[in-house]
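Participant: Could you have a look at this structure, given as structure tokens, before my questions?
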Amino acid sequence: MPFPTDADDNMYTYHIEYRFNGEPRTYLLELKEAQLAEHDAAMHLLELHLGDAENSLVMPTADSTPEQILEQAERVGITHIRVVSRTN
């Protein structure tokens with residue numbers, strides 16, 4: 001079993017640009033993952049904007065496809081999602 005290295009502790013900051021109900025927004029997200037796909041960014045934005053929503057039916061399910069996650073984000077006003085940059 002390999003031992004953890006300092007590389008395993010790297011955190012990346014992602015700069016995400018998007019629109020929420022038509023208004024331009026930016027969000028900085030810190031993750032250990034070295035890549036962030038558009039649908040993963042959408043899921044984080046859904047959690048940011050709707051994570052406290054009383055109706056959990058608004059959130060995609062664990063088995064949702066990337067396309068379904070993006071469609072759900074669009075339904076609730078999260079559009080034009082772009083992962084602009086990554087720093088570490």
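Residue names in the structure tokens use chain letters A, B, ... in the order shown, residue numbers from 1 in each chain, and ligand numbers from 1 in the order shown.
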Find the residues near A:His15: any atom within 10 Å, counting only C-alpha atoms, skip ones fewer than 3 places away on the same chain, and give them as a ChimeraX atom specification.
Facilitator: /A:12,26-30,41,82-87
Participant: Store the residues picked out above in a file with C-alpha atoms, as an mmCIF file, in the first residue's frame.
Facilitator:
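Once everything was written out, this is part30.cif:
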data_model
loop_
_atom_site.group_PDB
_atom_site.id
_atom_site.type_symbol
_atom_site.label_atom_id
_atom_site.label_comp_id
_atom_site.auth_asym_id
_atom_site.auth_seq_id
_atom_site.Cartn_x
_atom_site.Cartn_y
_atom_site.Cartn_z
ATOM 1 C CA TYR A 12 -6.724 23.504 -6.182
ATOM 2 C CA THR A 26 -18.213 34.192 -9.974
ATOM 3 C CA TYR A 27 -17.353 31.553 -7.419
ATOM 4 C CA LEU A 28 -14.041 30.273 -6.089
ATOM 5 C CA LEU A 29 -14.053 26.606 -5.152
ATOM 6 C CA GLU A 30 -11.269 24.701 -3.383
ATOM 7 C CA ALA A 41 -19.076 22.672 -11.192
ATOM 8 C CA ARG A 82 -17.465 28.022 -17.215
ATOM 9 C CA VAL A 83 -14.486 26.818 -15.251
ATOM 10 C CA VAL A 84 -12.202 29.747 -16.080
ATOM 11 C CA SER A 85 -9.002 28.839 -14.279
ATOM 12 C CA ARG A 86 -7.315 26.578 -11.758
ATOM 13 C CA THR A 87 -4.556 27.530 -9.359
#
Participant: Which one is closest to A:Glu71: A:Leu31, A:Asn88, A:Pro24, A:Leu46? Count only C-alpha atoms.
Facilitator: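 Once distances to A:Glu71 are computed over only C-alpha atoms, the minimum belongs to A:Leu46.
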Participant: Return the single residue from A:Thr65, A:Ile16, A:His80, A:Asp9 that is closest to A:Leu36, with distances computed using only C-alpha atoms.
Facilitator: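 Using only C-alpha atoms, the shortest distance to A:Leu36 belongs to A:Ile16.
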Participant: Could you pull out the strand (DSSP E or B) residues of chain A from DSSP and send them as a list in words?
Facilitator: Tyr12, Thr13, Tyr14, His15, Ile16, Glu17, Tyr18, Arg19, Phe20, Glu23, Pro24, Arg25, Thr26, Tyr27, Leu28, Leu29, Glu30, Leu31, Ile78, Thr79, His80, Ile81, Arg82, Val83, Val84, Ser85, Arg86 and Thr87 of chain A
Participant: What is the atom CA of A:Thr61-atom CA of A:Asn10 distance in Å, reported with one decimal?
Facilitator: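 Atom CA of A:Asn10 lies 28.6 Å from atom CA of A:Thr61.
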Participant: So, with only C-alpha atoms as the atoms that count, which of A:Ala34, A:Arg19, A:Arg25, A:Ala62 lies closest to A:Glu74?
Facilitator: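 Closest to A:Glu74 of all the choices is A:Arg19.
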Participant: Between A:Leu48, A:Met11, A:Val76, A:Met43, which one has atoms that come closest to A:Ser64, using only C-alpha atoms?
Facilitator: A:Met43
Participant: Which one of A:Ile81, A:Leu50, A:Val58, A:Lys32 sits closest to A:Glu17 if you count only C-alpha atoms?
Facilitator: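 The shortest atom-to-atom distance to A:Glu17 comes from A:Ile81.
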Participant: Smallest atom-to-atom distance to A:Phe20: which of A:Asp52, A:Gln68, A:Leu45, A:Glu33, using only C-alpha atoms?
Facilitator: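 Ranked by minimum distance to A:Phe20, first place goes to A:Leu45.
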Participant: I'd like to know which residues of stretch 27-57 of chain A are alpha helix (DSSP H) (by DSSP, run on the backbone); could you write them as a list in words?
Facilitator: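 Answer for stretch 27-57 of chain A, restricted to alpha helix (DSSP H): Glu38, His39, Asp40, Ala41, Ala42, Met43, His44, Leu45, Leu46, Glu47, Leu48, His49 and Leu50 of chain A.
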Participant: Would you output that residue set with N, CA and C atoms, as a PDB file, in the first residue's frame?
Facilitator:
ATOM      1  N   GLU A  38     -17.505  20.559 -16.165  1.00  0.00           N
ATOM      2  CA  GLU A  38     -18.606  21.533 -16.124  1.00  0.00           C
ATOM      3  C   GLU A  38     -19.772  21.024 -15.276  1.00  0.00           C
ATOM      4  N   HIS A  39     -20.143  19.752 -15.414  1.00  0.00           N
ATOM      5  CA  HIS A  39     -21.275  19.244 -14.647  1.00  0.00           C
ATOM      6  C   HIS A  39     -20.945  19.133 -13.156  1.00  0.00           C
ATOM      7  N   ASP A  40     -19.665  18.894 -12.818  1.00  0.00           N
ATOM      8  CA  ASP A  40     -19.268  18.887 -11.409  1.00  0.00           C
ATOM      9  C   ASP A  40     -19.354  20.305 -10.828  1.00  0.00           C
ATOM     10  N   ALA A  41     -18.946  21.277 -11.621  1.00  0.00           N
ATOM     11  CA  ALA A  41     -19.076  22.672 -11.192  1.00  0.00           C
ATOM     12  C   ALA A  41     -20.552  23.013 -10.992  1.00  0.00           C
ATOM     13  N   ALA A  42     -21.406  22.531 -11.896  1.00  0.00           N
ATOM     14  CA  ALA A  42     -22.848  22.771 -11.776  1.00  0.00           C
ATOM     15  C   ALA A  42     -23.393  22.184 -10.482  1.00  0.00           C
ATOM     16  N   MET A  43     -22.941  20.993 -10.119  1.00  0.00           N
ATOM     17  CA  MET A  43     -23.410  20.357  -8.889  1.00  0.00           C
ATOM     18  C   MET A  43     -23.007  21.186  -7.667  1.00  0.00           C
ATOM     19  N   HIS A  44     -21.784  21.696  -7.663  1.00  0.00           N
ATOM     20  CA  HIS A  44     -21.341  22.548  -6.549  1.00  0.00           C
ATOM     21  C   HIS A  44     -22.169  23.833  -6.493  1.00  0.00           C
ATOM     22  N   LEU A  45     -22.494  24.394  -7.656  1.00  0.00           N
ATOM     23  CA  LEU A  45     -23.308  25.614  -7.680  1.00  0.00           C
ATOM     24  C   LEU A  45     -24.738  25.333  -7.218  1.00  0.00           C
ATOM     25  N   LEU A  46     -25.274  24.184  -7.588  1.00  0.00           N
ATOM     26  CA  LEU A  46     -26.603  23.800  -7.100  1.00  0.00           C
ATOM     27  C   LEU A  46     -26.589  23.694  -5.575  1.00  0.00           C
ATOM     28  N   GLU A  47     -25.556  23.083  -5.034  1.00  0.00           N
ATOM     29  CA  GLU A  47     -25.444  22.969  -3.579  1.00  0.00           C
ATOM     30  C   GLU A  47     -25.289  24.340  -2.936  1.00  0.00           C
ATOM     31  N   LEU A  48     -24.534  25.216  -3.571  1.00  0.00           N
ATOM     32  CA  LEU A  48     -24.338  26.568  -3.054  1.00  0.00           C
ATOM     33  C   LEU A  48     -25.662  27.327  -2.983  1.00  0.00           C
ATOM     34  N   HIS A  49     -26.423  27.287  -4.072  1.00  0.00           N
ATOM     35  CA  HIS A  49     -27.639  28.091  -4.152  1.00  0.00           C
ATOM     36  C   HIS A  49     -28.878  27.402  -3.588  1.00  0.00           C
ATOM     37  N   LEU A  50     -28.901  26.067  -3.608  1.00  0.00           N
ATOM     38  CA  LEU A  50     -30.123  25.365  -3.203  1.00  0.00           C
ATOM     39  C   LEU A  50     -29.898  24.320  -2.120  1.00  0.00           C
TER      40      LEU A  50
END
Participant: Can you measure atom CA of A:Gly51 to atom CA of A:Ile69 for me? One decimal in Å is fine.
Facilitator: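 About the pair atom CA of A:Gly51 and atom CA of A:Ile69: they are 14.3 Å apart.
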Participant: In Å, how far is it from atom CA of A:Tyr18 to atom CA of A:Ile78?
Facilitator: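 Interatomic distance here is 6.9 Å.
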